[in-house]
$ cat start-v9.cif   # mmCIF, C-alpha atoms and all ligand atoms
data_input
#
loop_
_atom_site.label_atom_id
_atom_site.label_comp_id
_atom_site.auth_asym_id
_atom_site.auth_seq_id
_atom_site.Cartn_x
_atom_site.Cartn_y
_atom_site.Cartn_z
CA MET A 1 15.25 -17.84 -10.56
CA LYS A 2 11.49 -18.05 -10.10
CA ALA A 3 9.37 -14.92 -10.09
CA ASN A 4 5.72 -13.97 -10.11
CA CYS A 5 5.06 -12.25 -13.44
CA TRP A 6 2.18 -10.09 -14.70
CA MET A 7 0.89 -11.70 -17.90
CA GLY A 8 -2.30 -9.68 -18.47
CA LYS A 9 -5.52 -8.78 -16.71
CA LYS A 10 -6.17 -11.20 -13.82
CA ASP A 11 -3.31 -13.37 -15.05
CA VAL A 12 -0.14 -13.76 -12.99
CA ARG A 13 2.21 -16.72 -13.35
CA ILE A 14 5.35 -18.10 -11.79
CA GLN A 15 8.05 -18.05 -14.44
CA ASP A 16 11.74 -18.78 -14.77
CA VAL A 17 13.56 -15.49 -15.34
CA PRO A 18 17.24 -14.47 -15.37
CA ASP A 19 18.82 -13.85 -11.95
CA PRO A 20 19.21 -10.15 -11.12
CA GLN A 21 22.72 -8.67 -11.45
CA ILE A 22 24.50 -5.79 -9.75
CA LEU A 23 24.30 -2.94 -12.28
CA ASN A 24 25.49 0.01 -10.18
CA ALA A 25 27.95 0.42 -7.34
CA ARG A 26 25.12 1.30 -4.94
CA ASP A 27 23.07 -1.87 -5.70
CA VAL A 28 22.66 -4.96 -3.59
CA ILE A 29 21.05 -8.28 -4.45
CA VAL A 30 18.65 -9.56 -1.81
CA LYS A 31 17.64 -13.19 -1.39
CA ILE A 32 14.00 -12.76 -0.51
CA THR A 33 12.73 -14.53 2.59
CA SER A 34 9.27 -12.92 2.76
CA THR A 35 7.21 -10.82 0.40
CA ALA A 36 3.55 -9.83 0.31
CA ILE A 37 0.70 -8.95 -2.00
CA CYS A 38 -0.51 -5.36 -1.62
CA GLY A 39 -3.83 -3.72 -2.48
CA SER A 40 -1.79 -1.68 -4.96
CA ASP A 41 -0.86 -4.92 -6.77
CA LEU A 42 -4.58 -5.51 -7.28
CA HIS A 43 -4.81 -2.33 -9.39
CA LEU A 44 -2.18 -3.91 -11.69
CA TYR A 45 -3.88 -7.31 -11.53
CA ASN A 46 -7.22 -5.81 -12.52
CA GLY A 47 -5.63 -3.92 -15.41
CA PHE A 48 -6.19 -0.36 -14.16
CA VAL A 49 -2.58 0.78 -14.34
CA PRO A 50 -1.21 1.55 -17.82
CA THR A 51 2.27 0.65 -19.12
CA MET A 52 2.41 -2.88 -17.69
CA GLU A 53 4.16 -5.35 -19.99
CA LYS A 54 3.80 -9.10 -20.20
CA GLY A 55 6.44 -10.72 -18.05
CA ASP A 56 6.94 -7.79 -15.62
CA ILE A 57 7.95 -9.11 -12.19
CA LEU A 58 5.50 -7.94 -9.53
CA GLY A 59 5.94 -7.07 -5.88
CA HIS A 60 7.03 -4.07 -3.83
CA GLU A 61 6.79 -5.35 -0.24
CA PHE A 62 9.79 -7.54 0.50
CA MET A 63 12.67 -8.36 2.79
CA GLY A 64 15.54 -10.79 2.83
CA GLU A 65 19.23 -11.36 3.10
CA VAL A 66 21.96 -9.40 1.32
CA VAL A 67 23.83 -11.90 -0.90
CA GLU A 68 25.83 -9.54 -3.13
CA LYS A 69 26.73 -5.89 -2.94
CA GLY A 70 28.15 -3.14 -5.11
CA GLU A 71 31.42 -1.51 -4.07
CA ASP A 72 29.83 1.74 -2.82
CA VAL A 73 27.55 0.03 -0.32
CA LYS A 74 29.47 0.47 2.92
CA ASN A 75 26.67 0.20 5.46
CA LEU A 76 25.51 -3.33 4.64
CA GLU A 77 27.36 -6.62 4.76
CA ILE A 78 26.70 -9.92 3.01
CA GLY A 79 24.32 -11.86 5.24
CA ASP A 80 22.55 -8.80 6.73
CA ARG A 81 18.77 -9.09 6.98
CA VAL A 82 17.06 -6.07 5.48
CA VAL A 83 13.56 -4.72 4.83
CA VAL A 84 13.32 -2.81 1.54
CA PRO A 85 11.06 0.29 1.25
CA PHE A 86 8.84 0.27 -1.86
CA PRO A 87 9.86 3.71 -3.22
CA ILE A 88 13.36 3.71 -4.68
CA SER A 89 15.12 6.79 -3.32
CA CYS A 90 18.62 8.18 -3.72
CA GLY A 91 18.69 9.95 -0.36
CA SER A 92 20.29 13.17 -1.58
CA CYS A 93 18.19 14.91 -4.29
CA PHE A 94 15.91 17.94 -3.74
CA SER A 95 12.96 15.71 -2.76
CA CYS A 96 14.92 13.25 -0.63
CA GLN A 97 16.53 16.14 1.29
CA ARG A 98 13.01 17.26 2.19
CA GLY A 99 11.91 13.78 3.28
CA LEU A 100 9.72 13.34 0.20
CA PHE A 101 11.22 9.97 -0.63
CA SER A 102 8.42 8.72 -2.89
CA LEU A 103 9.23 11.74 -5.07
CA CYS A 104 12.94 11.03 -5.50
CA GLU A 105 14.16 12.82 -8.62
CA ASN A 106 16.87 10.29 -9.43
CA SER A 107 15.14 6.92 -9.43
CA ASN A 108 12.62 6.86 -12.27
CA PRO A 109 14.38 6.22 -15.59
CA ASN A 110 10.98 6.55 -17.31
CA ALA A 111 10.23 9.97 -15.81
CA TRP A 112 9.17 11.20 -19.26
CA MET A 113 6.22 8.80 -19.27
CA ALA A 114 5.04 9.96 -15.85
CA GLU A 115 5.53 13.61 -16.83
CA LYS A 116 3.18 13.12 -19.77
CA MET A 117 0.48 11.71 -17.55
CA TRP A 118 0.95 13.63 -14.29
CA GLY A 119 2.96 16.74 -15.16
CA HIS A 120 5.96 15.67 -13.08
CA SER A 121 7.35 12.29 -12.13
CA PRO A 122 7.36 10.58 -8.74
CA ALA A 123 10.11 8.15 -7.66
CA GLY A 124 10.70 4.74 -9.17
CA ILE A 125 8.80 1.93 -7.44
CA PHE A 126 9.61 -1.79 -7.43
CA GLY A 127 7.31 -3.93 -9.59
CA TYR A 128 4.88 -1.15 -10.36
CA SER A 129 4.58 -0.57 -14.13
CA HIS A 130 6.89 1.19 -16.54
CA LEU A 131 5.44 4.55 -15.56
CA THR A 132 7.34 4.24 -12.28
CA GLY A 133 10.52 2.83 -13.75
CA GLY A 134 9.81 -0.72 -14.89
CA PHE A 135 11.86 -2.12 -11.99
CA ALA A 136 11.67 -5.86 -11.35
CA GLY A 137 9.69 -6.48 -8.16
CA GLY A 138 10.15 -8.57 -5.07
CA GLN A 139 7.70 -11.43 -5.58
CA ALA A 140 10.67 -13.47 -6.63
CA GLU A 141 13.55 -15.47 -5.22
CA TYR A 142 15.97 -12.54 -5.58
CA ALA A 143 15.79 -8.83 -6.34
CA ARG A 144 18.17 -6.05 -7.25
CA VAL A 145 17.85 -3.10 -4.87
CA PRO A 146 19.21 0.21 -6.21
CA PHE A 147 20.47 2.92 -3.79
CA ALA A 148 20.81 0.14 -1.23
CA ASP A 149 23.20 2.26 0.84
CA PHE A 150 20.24 4.53 1.63
CA GLY A 151 16.83 2.81 1.69
CA PRO A 152 16.91 -0.68 3.19
CA ILE A 153 16.76 -1.00 6.95
CA LYS A 154 18.77 -3.61 8.86
CA VAL A 155 16.63 -5.90 10.98
CA PRO A 156 17.83 -6.18 14.59
CA GLU A 157 18.28 -9.70 15.95
CA GLY A 158 15.31 -11.39 17.53
CA LEU A 159 12.59 -10.00 15.25
CA ARG A 160 10.71 -12.38 12.99
CA ASP A 161 10.03 -11.55 9.31
CA GLU A 162 6.32 -11.21 10.06
CA GLN A 163 6.98 -8.47 12.63
CA VAL A 164 9.02 -6.24 10.30
CA LEU A 165 8.02 -7.09 6.71
CA PHE A 166 5.30 -4.44 6.59
CA LEU A 167 7.80 -1.67 7.31
CA SER A 168 8.36 -1.92 3.54
CA ASP A 169 4.96 -0.37 2.81
CA ILE A 170 1.62 -0.77 4.55
CA PHE A 171 2.54 0.08 8.15
CA PRO A 172 4.30 3.36 7.19
CA THR A 173 1.51 4.03 4.66
CA GLY A 174 -1.24 3.67 7.27
CA TYR A 175 0.85 5.70 9.69
CA MET A 176 1.38 8.50 7.17
CA GLY A 177 -2.36 8.46 6.47
CA ALA A 178 -3.02 9.12 10.16
CA GLU A 179 -0.14 11.58 10.56
CA MET A 180 -1.49 13.70 7.71
CA CYS A 181 -4.69 14.14 9.81
CA ASN A 182 -2.79 16.26 12.36
CA ILE A 183 -4.67 14.47 15.13
CA GLN A 184 -5.52 16.44 18.28
CA PRO A 185 -6.69 14.98 21.61
CA GLY A 186 -10.41 14.21 21.45
CA ASP A 187 -10.46 13.79 17.66
CA THR A 188 -12.72 11.38 15.81
CA ILE A 189 -11.18 9.82 12.71
CA ALA A 190 -13.20 7.90 10.11
CA VAL A 191 -11.40 5.44 7.83
CA TRP A 192 -12.87 4.15 4.55
CA GLY A 193 -11.50 0.67 3.80
CA CYS A 194 -10.57 -1.95 6.42
CA GLY A 195 -8.02 -3.72 4.22
CA PRO A 196 -4.47 -4.04 5.55
CA VAL A 197 -3.73 -0.37 4.84
CA GLY A 198 -6.92 0.75 6.58
CA GLN A 199 -6.08 -1.44 9.60
CA PHE A 200 -2.71 0.29 9.98
CA ALA A 201 -4.27 3.73 9.44
CA MET A 202 -6.76 3.02 12.24
CA LYS A 203 -4.13 1.60 14.57
CA SER A 204 -1.85 4.58 13.86
CA ALA A 205 -4.69 7.06 14.51
CA PHE A 206 -4.89 5.62 18.02
CA LEU A 207 -1.09 5.67 18.40
CA LEU A 208 -1.22 9.37 17.49
CA GLY A 209 -3.87 10.15 20.09
CA ALA A 210 -7.28 9.89 18.41
CA GLU A 211 -10.16 9.37 20.81
CA ARG A 212 -12.54 7.61 18.43
CA VAL A 213 -11.72 5.71 15.25
CA ILE A 214 -14.50 4.48 12.98
CA GLY A 215 -13.74 1.91 10.26
CA ILE A 216 -15.97 1.49 7.21
CA ASP A 217 -16.10 -1.60 4.97
CA ARG A 218 -18.52 -4.35 4.01
CA PHE A 219 -16.57 -7.55 4.71
CA PRO A 220 -17.41 -8.90 8.18
CA GLU A 221 -13.94 -10.42 8.76
CA ARG A 222 -12.26 -7.09 8.02
CA LEU A 223 -14.67 -5.19 10.28
CA LYS A 224 -14.08 -7.78 12.98
CA MET A 225 -10.30 -7.35 12.72
CA ALA A 226 -10.76 -3.57 13.05
CA ARG A 227 -12.81 -4.02 16.21
CA GLU A 228 -10.83 -6.81 17.83
CA LYS A 229 -7.24 -6.12 16.81
CA VAL A 230 -7.36 -2.34 16.53
CA GLY A 231 -10.13 -1.29 18.90
CA ALA A 232 -12.05 0.73 16.31
CA GLU A 233 -15.82 1.09 16.03
CA THR A 234 -17.06 -0.17 12.69
CA ILE A 235 -19.89 0.27 10.24
CA ASN A 236 -20.90 -1.94 7.34
CA TYR A 237 -21.72 0.45 4.50
CA GLU A 238 -24.09 -2.09 2.96
CA GLU A 239 -26.23 -1.90 6.08
CA VAL A 240 -25.77 1.66 7.30
CA SER A 241 -25.18 4.87 5.36
CA PRO A 242 -21.72 6.12 6.41
CA LEU A 243 -22.81 9.74 5.85
CA ASP A 244 -25.89 9.40 8.09
CA PHE A 245 -24.05 7.45 10.75
CA LEU A 246 -21.06 9.79 10.93
CA HIS A 247 -23.33 12.85 10.98
CA GLU A 248 -25.35 11.54 13.89
CA THR A 249 -22.52 10.11 15.93
CA THR A 250 -20.59 13.41 15.87
CA GLY A 251 -23.57 15.57 16.84
CA GLY A 252 -24.00 16.75 13.26
CA ARG A 253 -20.48 18.13 12.93
CA GLY A 254 -18.66 15.29 11.10
CA PRO A 255 -15.37 13.50 11.87
CA ASP A 256 -12.33 15.75 12.39
CA ALA A 257 -10.51 13.86 9.67
CA CYS A 258 -11.44 11.24 7.09
CA ILE A 259 -8.97 8.77 5.62
CA ASP A 260 -9.50 7.19 2.19
CA ALA A 261 -7.78 3.78 2.39
CA VAL A 262 -9.73 2.40 -0.57
CA GLY A 263 -8.45 4.05 -3.75
CA MET A 264 -9.45 3.69 -7.37
CA GLU A 265 -11.45 0.45 -7.18
CA SER A 266 -14.06 1.61 -4.71
CA HIS A 267 -17.40 -0.16 -4.50
CA THR A 268 -20.88 0.87 -3.36
CA PRO A 269 -24.25 -0.84 -3.41
CA GLY A 270 -25.92 2.27 -4.93
CA ALA A 271 -26.54 3.41 -8.53
CA VAL A 272 -23.34 5.47 -8.46
CA TYR A 273 -21.40 2.22 -8.72
CA ALA A 274 -22.89 1.38 -12.12
CA TYR A 275 -22.21 4.96 -13.26
CA ASP A 276 -18.54 4.82 -12.26
CA ARG A 277 -17.98 1.25 -13.43
CA ILE A 278 -19.32 2.07 -16.88
CA LYS A 279 -17.33 5.29 -17.14
CA GLN A 280 -14.22 3.45 -15.94
CA SER A 281 -14.71 0.55 -18.35
CA VAL A 282 -14.90 2.85 -21.38
CA MET A 283 -11.95 4.87 -20.00
CA ALA A 284 -14.11 8.00 -19.58
CA GLU A 285 -12.69 8.12 -16.08
CA SER A 286 -9.73 6.07 -14.93
CA ASP A 287 -10.66 5.70 -11.26
CA ARG A 288 -13.87 5.16 -9.25
CA PRO A 289 -13.65 7.73 -6.43
CA ILE A 290 -16.70 6.61 -4.46
CA ALA A 291 -15.09 6.45 -1.02
CA LEU A 292 -13.21 9.70 -1.68
CA ARG A 293 -16.42 11.59 -2.51
CA GLU A 294 -18.00 10.26 0.65
CA ALA A 295 -14.96 11.09 2.80
CA ILE A 296 -15.10 14.68 1.57
CA MET A 297 -18.84 15.06 2.18
CA ALA A 298 -18.59 13.52 5.68
CA CYS A 299 -15.63 15.55 6.96
CA ARG A 300 -16.31 18.39 9.41
CA ASN A 301 -15.87 22.00 8.33
CA GLY A 302 -12.18 22.86 8.36
CA GLY A 303 -11.20 19.19 8.68
CA THR A 304 -8.69 17.08 6.78
CA VAL A 305 -9.22 14.43 4.13
CA SER A 306 -6.18 12.17 3.99
CA VAL A 307 -5.95 10.09 0.82
CA ILE A 308 -3.67 7.04 0.94
CA GLY A 309 -5.77 4.92 -1.43
CA VAL A 310 -4.05 4.94 -4.82
CA TYR A 311 -5.47 6.88 -7.78
CA GLY A 312 -4.07 6.68 -11.29
CA GLY A 313 -5.58 9.38 -13.43
CA PHE A 314 -8.84 11.26 -13.72
CA ILE A 315 -11.95 11.17 -11.58
CA ASP A 316 -15.48 12.30 -12.18
CA LYS A 317 -18.03 14.16 -10.05
CA PHE A 318 -15.37 15.32 -7.64
CA PRO A 319 -17.10 17.52 -5.01
CA PHE A 320 -14.55 20.31 -5.10
CA GLY A 321 -17.18 22.88 -4.11
CA SER A 322 -17.47 21.11 -0.77
CA VAL A 323 -13.69 21.18 -0.32
CA MET A 324 -13.43 24.88 -1.18
CA ASN A 325 -16.46 26.29 0.62
CA ARG A 326 -15.84 24.31 3.79
CA SER A 327 -12.10 24.97 4.07
CA LEU A 328 -11.12 21.32 3.88
CA THR A 329 -7.50 20.28 3.58
CA ILE A 330 -6.67 17.39 1.27
CA ARG A 331 -3.37 15.61 1.92
CA THR A 332 -2.10 12.65 -0.04
CA GLY A 333 0.88 10.80 -1.50
CA GLN A 334 2.61 7.56 -2.12
CA CYS A 335 4.14 6.85 1.26
CA HIS A 336 7.53 8.43 2.02
CA VAL A 337 8.44 5.10 3.60
CA GLN A 338 12.08 5.85 4.50
CA ARG A 339 10.85 8.70 6.75
CA TYR A 340 9.03 6.21 8.97
CA THR A 341 11.01 2.94 8.97
CA ARG A 342 13.22 3.69 11.97
CA PRO A 343 10.63 5.29 14.29
CA LEU A 344 8.12 2.55 13.48
CA LEU A 345 10.73 -0.17 13.99
CA GLU A 346 11.21 1.33 17.47
CA ARG A 347 7.49 1.10 18.15
CA ILE A 348 7.61 -2.58 17.14
CA GLN A 349 10.60 -3.19 19.42
CA LYS A 350 8.81 -1.46 22.31
CA GLY A 351 5.84 -3.77 21.77
CA GLU A 352 3.41 -0.94 20.92
CA ILE A 353 2.33 -2.87 17.83
CA ASP A 354 2.91 -6.26 16.20
CA PRO A 355 2.17 -5.63 12.50
CA GLY A 356 1.82 -9.37 11.86
CA PHE A 357 -1.78 -9.17 13.08
CA VAL A 358 -3.05 -8.49 9.55
CA ILE A 359 -1.67 -11.74 8.05
CA THR A 360 -4.34 -14.33 7.27
CA HIS A 361 -2.48 -16.45 4.68
CA THR A 362 1.13 -17.58 4.26
CA MET A 363 2.08 -19.61 1.21
CA ALA A 364 4.95 -20.55 -1.08
CA LEU A 365 5.77 -18.19 -3.95
CA ASP A 366 4.53 -20.93 -6.31
CA ASP A 367 1.03 -20.30 -4.97
CA ALA A 368 1.07 -16.56 -5.77
CA PRO A 369 -1.60 -16.90 -8.52
CA TYR A 370 -3.93 -18.44 -5.95
CA GLY A 371 -2.97 -15.78 -3.39
CA TYR A 372 -3.86 -13.01 -5.86
CA GLU A 373 -7.18 -14.63 -6.61
CA ILE A 374 -8.36 -14.97 -3.02
CA PHE A 375 -7.01 -11.55 -1.98
CA ASN A 376 -8.66 -9.87 -4.96
CA ASN A 377 -11.99 -11.62 -4.48
CA LYS A 378 -11.84 -11.39 -0.67
CA GLN A 379 -12.36 -15.19 -0.52
CA ASP A 380 -11.52 -17.46 2.38
CA ASP A 381 -11.59 -14.39 4.69
CA CYS A 382 -8.32 -13.34 3.08
CA ILE A 383 -6.94 -10.04 4.39
CA LYS A 384 -3.16 -10.26 3.81
CA VAL A 385 -1.06 -12.82 1.96
CA VAL A 386 2.63 -13.40 2.70
CA LEU A 387 4.65 -15.36 0.14
CA LYS A 388 7.75 -17.38 0.97
CA PRO A 389 10.00 -17.66 -2.12
CA HIS A 390 12.34 -20.28 -0.69
CA LEU A 391 9.84 -22.70 0.82
CA SER A 392 10.15 -26.21 -0.48
CA PRO A 393 7.23 -27.15 -2.73
CA SER A 394 6.27 -29.88 -0.25
CA SER A 395 5.30 -27.27 2.34
CA ARG A 396 2.93 -25.30 0.13
CA LEU A 397 -0.12 -23.49 1.47
CA LEU A 398 0.72 -23.13 5.13
CA HIS A 399 -2.72 -21.74 5.88
P1 LIG B 1 -7.62 -3.94 -0.06
O1 LIG B 1 -8.16 -4.13 -1.42
O2 LIG B 1 -7.35 -5.14 0.78
O3 LIG B 1 -8.59 -3.01 0.79
C1 LIG B 1 -9.51 -2.10 0.25
C2 LIG B 1 -10.76 -2.18 1.11
O4 LIG B 1 -11.66 -1.13 0.73
C3 LIG B 1 -11.53 -3.50 0.94
O5 LIG B 1 -11.68 -4.12 2.18
C4 LIG B 1 -12.86 -3.03 0.35
O6 LIG B 1 -13.95 -3.83 0.77
C5 LIG B 1 -12.97 -1.61 0.88
N1 LIG B 1 -13.91 -0.76 0.14
C6 LIG B 1 -14.23 -0.78 -1.18
N2 LIG B 1 -15.14 0.16 -1.44
C7 LIG B 1 -15.40 0.80 -0.27
C8 LIG B 1 -16.26 1.87 0.09
N3 LIG B 1 -17.04 2.49 -0.80
N4 LIG B 1 -16.27 2.27 1.40
C9 LIG B 1 -15.50 1.66 2.33
N5 LIG B 1 -14.66 0.63 2.03
C10 LIG B 1 -14.61 0.22 0.74
O7 LIG B 1 -6.28 -3.06 -0.21
P2 LIG B 1 -5.19 -2.49 0.82
O8 LIG B 1 -3.97 -3.31 0.69
O9 LIG B 1 -5.76 -2.26 2.15
O10 LIG B 1 -4.89 -1.09 0.10
C11 LIG B 1 -5.86 -0.05 0.14
C12 LIG B 1 -5.47 1.09 -0.79
O11 LIG B 1 -4.23 1.66 -0.35
C13 LIG B 1 -5.23 0.66 -2.23
O12 LIG B 1 -5.74 1.65 -3.11
C14 LIG B 1 -3.73 0.63 -2.34
O13 LIG B 1 -3.31 0.83 -3.67
C15 LIG B 1 -3.38 1.79 -1.47
N6 LIG B 1 -1.98 1.86 -1.01
C16 LIG B 1 -1.40 3.07 -1.03
C17 LIG B 1 -0.11 3.23 -0.61
C18 LIG B 1 0.50 4.58 -0.58
O14 LIG B 1 1.73 4.69 -0.48
N7 LIG B 1 -0.27 5.65 -0.60
C19 LIG B 1 0.62 2.11 -0.17
C20 LIG B 1 -0.01 0.87 -0.13
C21 LIG B 1 -1.32 0.75 -0.57
ZN ZN B 2 1.81 -1.38 -1.62
ZN ZN B 3 16.32 11.26 -4.29
#
$ encode --input "start-v9.cif" --output "C-alpha cells"
Amino acid sequence: MKANCWMGKKDVRIQDVPDPQILNARDVIVKITSTAICGSDLHLYNGFVPTMEKGDILGHEFMGEVVEKGEDVKNLEIGDRVVVPFPISCGSCFSCQRGLFSLCENSNPNAWMAEKMWGHSPAGIFGYSHLTGGFAGGQAEYARVPFADFGPIKVPEGLRDEQVLFLSDIFPTGYMGAEMCNIQPGDTIAVWGCGPVGQFAMKSAFLLGAERVIGIDRFPERLKMAREKVGAETINYEEVSPLDFLHETTGGRGPDACIDAVGMESHTPGAVYAYDRIKQSVMAESDRPIALREAIMACRNGGTVSVIGVYGGFIDKFPFGSVMNRSLTIRTGQCHVQRYTRPLLERIQKGEIDPGFVITHTMALDDAPYGYEIFNNKQDDCIKVVLKPHLSPSSRLLH
C-alpha cells in the first residue's frame, strides 16, 4: 500500500510499504477514506520529537471502513464506517477505568523509553514516534487498529466524513481544553493559538457557557475564522500586547481561564523568541513555552490555565512563582478522546456544530508532502488539510 512516511526533518514522502496485518484478536484493519494533518504532526515534521525513525508512517487522525477483523472484535462488522481515536486504549486497565484513555497502561510497548524521559508512560499513539509505541499511522491507504473492540466509533448513516473525522482528535481535544477550564456563566476565556485545535477550544468554550472568548494569533485568516465561524473576539499579538489587552478588557482582573493551544513551537515578535529558539536549537531546552508563560501571567488570581498544546520535555523561565502565589490551577493532557466521542457525535447530530468548518484544503494522499509544507508554513491560508488515500491521481488537489 501507499503511506506517508517520515524521512527526516521537513522531509515526508509517499512510499510503498507492506499492507498491515491482523496481529491480535482485538485488531481490525481499516481502509482509510479520510485522514488529516495535525499540529502535532508538525512537531515531528520539524524534528522536535525524539525517537522518530526513517520510514515511520505518520498520521493519527483517520477514519474509514473495516475490511478485516480479529476474532474477538464482536461489536464491528466488515463494511462498518468508523472513526479511530488517536490514543490507543484497552478500555479496562487502571487508567481506562478512570476515563484517562490517553494514559492506557496496556498500549505502549515502548513504555520503558517514555519512563526514562517522563517518569511514567502514557498510552500508545498512532504514528507518533517510538516513544509512544512506534505504531504505524493513518496517513496511508490502510491501518491496523489495536483494541478495535473498544476505541473506534461507528459512524451513523447520513454523516459525511468531513463532519465526523475530527472526532478522532482535534474536536475532543479542543473540547477537553475548554472543559478543563470549569467554565461558569459570565466567564471570559482567552485562547492562545487559532489553529484548528484553538478553533475547537473556542467553539467548545461557548458550548460550555462562556460569555466572552478571546482568540490570539497573528495570521489574519485564522483570526477571521475565529470571529466568523466561532464568534470569538480576536487579537493579533503582533499588533497588540495580549497581556495589556486582556488586563484592560477584564477591568484589570484577567481572564477566568487561559487555554494554551499553541504548544512547543510558539512564536513571538519579541527578543524572547531569539532566546528560546537558540536554547531550543542547542537542546538546552526542548520546547519554546512562550504562549504558556503569557497564559500564566494573564490569568486572573485563582483561575485555570488549560494546556492542550503539546510539550515534549523541558522548558525554561517557567513562571512558577506566579502559579503558586496566585493560586492558579494548571490542567493538561493528551486528549482522553474516547471519553468525548459519543457526546460530541450527539452534538454534531443535533446540529450544534459542524466540525468541517476548519477544513481549507482537501487533497489526495499523494500530495501529503505539499500539504505538510503549506500547513507548516501557513501558506495559501492553510488551516486544516484533509487527505484522501483512495482518490484517483487524476483528481489531485481538490482545493
Ligand atoms: P497549528 O500549528 O495549526 O496552530 C498553532 C497556532 O498557534 C498557529 O496558528 C500559530 O500562529 C499560533 N501561535 C504561535 N505562537 C503563538 C503565540 N505566541 N501566541 C498565540 N498564538 C501563537 O496547530 P494545531 O493543529 O491547532 O495544534 C495546536 C497545538 O495543539 C499543537 O501543539 C498540537 O500538538 C496540540 N495538540 C494537542 C492535542 C492533545 O491531545 N493535547 C491534540 C491535538 C493537537
Ligand atoms: Zn493530533
Ligand atoms: Zn487501558
$ residues_near_point --input "start-v9.cif" --point "(-18.7, 19.2, 4.0)" --cutoff "8 Å" --atoms "only C-alpha atoms" --output "ChimeraX atom specification"
/A:296-301,322-323,326,328
$ atom_distance --input "start-v9.cif" --atom1 "atom CA of A:Val30" --atom2 "atom CA of A:Val82"
8.2 Å
$ atom_distance --input "start-v9.cif" --atom1 "atom CA of A:Gly119" --atom2 "atom CA of A:Gly59"
25.7 Å
$ closest_residue --input "start-v9.cif" --among "A:Pro355, A:Gly254, A:Gly312, A:Gly47" --to "A:Thr132" --atoms "all atoms listed in the file"
A:Gly312
$ closest_residue --input "start-v9.cif" --among "A:Gly303, A:Pro369, A:Pro389, A:Gly193" --to "A:Ala257" --atoms "all atoms listed in the file"
A:Gly303
$ closest_atom_pairs --input "start-v9.cif" --of "chain A" --to "ligand ZN 2 (chain B)" --cutoff "8 Å" --atoms "only C-alpha atoms and all ligand atoms" --output "CSV"
residue,atom,partner,partner_atom,distance
A:Ile37,CA,B:ZN2,ZN,7.7
A:Cys38,CA,B:ZN2,ZN,4.6
A:Gly39,CA,B:ZN2,ZN,6.2
A:Ser40,CA,B:ZN2,ZN,4.9
A:Asp41,CA,B:ZN2,ZN,6.8
A:His60,CA,B:ZN2,ZN,6.3
A:Glu61,CA,B:ZN2,ZN,6.5
A:Phe86,CA,B:ZN2,ZN,7.2
A:Asp169,CA,B:ZN2,ZN,5.5
A:Ile170,CA,B:ZN2,ZN,6.2
$ atom_distance --input "start-v9.cif" --atom1 "atom CA of A:Arg331" --atom2 "atom CA of A:Val305"
6.4 Å
$ closest_residue --input "start-v9.cif" --among "A:Pro156, A:Gly127, A:Gly91, A:Gly309" --to "ligand LIG 1 (chain B)" --atoms "only C-alpha atoms and all ligand atoms"
A:Gly309
$ closest_atom_pairs --input "start-v9.cif" --of "chain A" --to "ligand ZN 3 (chain B)" --cutoff "7 Å" --atoms "only C-alpha atoms and all ligand atoms" --output "tab-separated table"
residue	atom	partner	partner_atom	distance
A:Ser89	CA	B:ZN3	ZN	4.7
A:Cys90	CA	B:ZN3	ZN	3.9
A:Gly91	CA	B:ZN3	ZN	4.8
A:Ser92	CA	B:ZN3	ZN	5.2
A:Cys93	CA	B:ZN3	ZN	4.1
A:Phe94	CA	B:ZN3	ZN	6.7
A:Ser95	CA	B:ZN3	ZN	5.8
A:Cys96	CA	B:ZN3	ZN	4.4
A:Phe101	CA	B:ZN3	ZN	6.4
A:Cys104	CA	B:ZN3	ZN	3.6
A:Glu105	CA	B:ZN3	ZN	5.1
A:Asn106	CA	B:ZN3	ZN	5.3
A:Ser107	CA	B:ZN3	ZN	6.8
$ write_last_selection --input "start-v9.cif" --atoms "C-alpha atoms" --output "mmCIF file, keeping the file's coordinate frame"
data_model
loop_
_atom_site.group_PDB
_atom_site.id
_atom_site.type_symbol
_atom_site.label_atom_id
_atom_site.label_comp_id
_atom_site.auth_asym_id
_atom_site.auth_seq_id
_atom_site.Cartn_x
_atom_site.Cartn_y
_atom_site.Cartn_z
ATOM 1 C CA SER A 89 15.120 6.790 -3.320
ATOM 2 C CA CYS A 90 18.620 8.180 -3.720
ATOM 3 C CA GLY A 91 18.690 9.950 -0.360
ATOM 4 C CA SER A 92 20.290 13.170 -1.580
ATOM 5 C CA CYS A 93 18.190 14.910 -4.290
ATOM 6 C CA PHE A 94 15.910 17.940 -3.740
ATOM 7 C CA SER A 95 12.960 15.710 -2.760
ATOM 8 C CA CYS A 96 14.920 13.250 -0.630
ATOM 9 C CA PHE A 101 11.220 9.970 -0.630
ATOM 10 C CA CYS A 104 12.940 11.030 -5.500
ATOM 11 C CA GLU A 105 14.160 12.820 -8.620
ATOM 12 C CA ASN A 106 16.870 10.290 -9.430
ATOM 13 C CA SER A 107 15.140 6.920 -9.430
#
$ residues_around --input "start-v9.cif" --residues "stretch 50-52 of chain A" --least-positions-apart "5" --cutoff "9 Å" --atoms "all atoms listed in the file" --output "mmCIF file with C-alpha atoms, in the frame of the given file"
data_model
loop_
_atom_site.group_PDB
_atom_site.id
_atom_site.type_symbol
_atom_site.label_atom_id
_atom_site.label_comp_id
_atom_site.auth_asym_id
_atom_site.auth_seq_id
_atom_site.Cartn_x
_atom_site.Cartn_y
_atom_site.Cartn_z
ATOM 1 C CA TRP A 6 2.180 -10.090 -14.700
ATOM 2 C CA MET A 7 0.890 -11.700 -17.900
ATOM 3 C CA GLY A 8 -2.300 -9.680 -18.470
ATOM 4 C CA LEU A 44 -2.180 -3.910 -11.690
ATOM 5 C CA TYR A 128 4.880 -1.150 -10.360
ATOM 6 C CA SER A 129 4.580 -0.570 -14.130
ATOM 7 C CA HIS A 130 6.890 1.190 -16.540
ATOM 8 C CA LEU A 131 5.440 4.550 -15.560
ATOM 9 C CA GLY A 134 9.810 -0.720 -14.890
ATOM 10 C CA GLY A 312 -4.070 6.680 -11.290
#
$ residues_around --input "start-v9.cif" --residues "A:Glu346" --least-positions-apart "5" --cutoff "12 Å" --atoms "only C-alpha atoms" --output "MDAnalysis selection string"
chainID A and resid 155:156 159 163:164 167 340:341 351:354
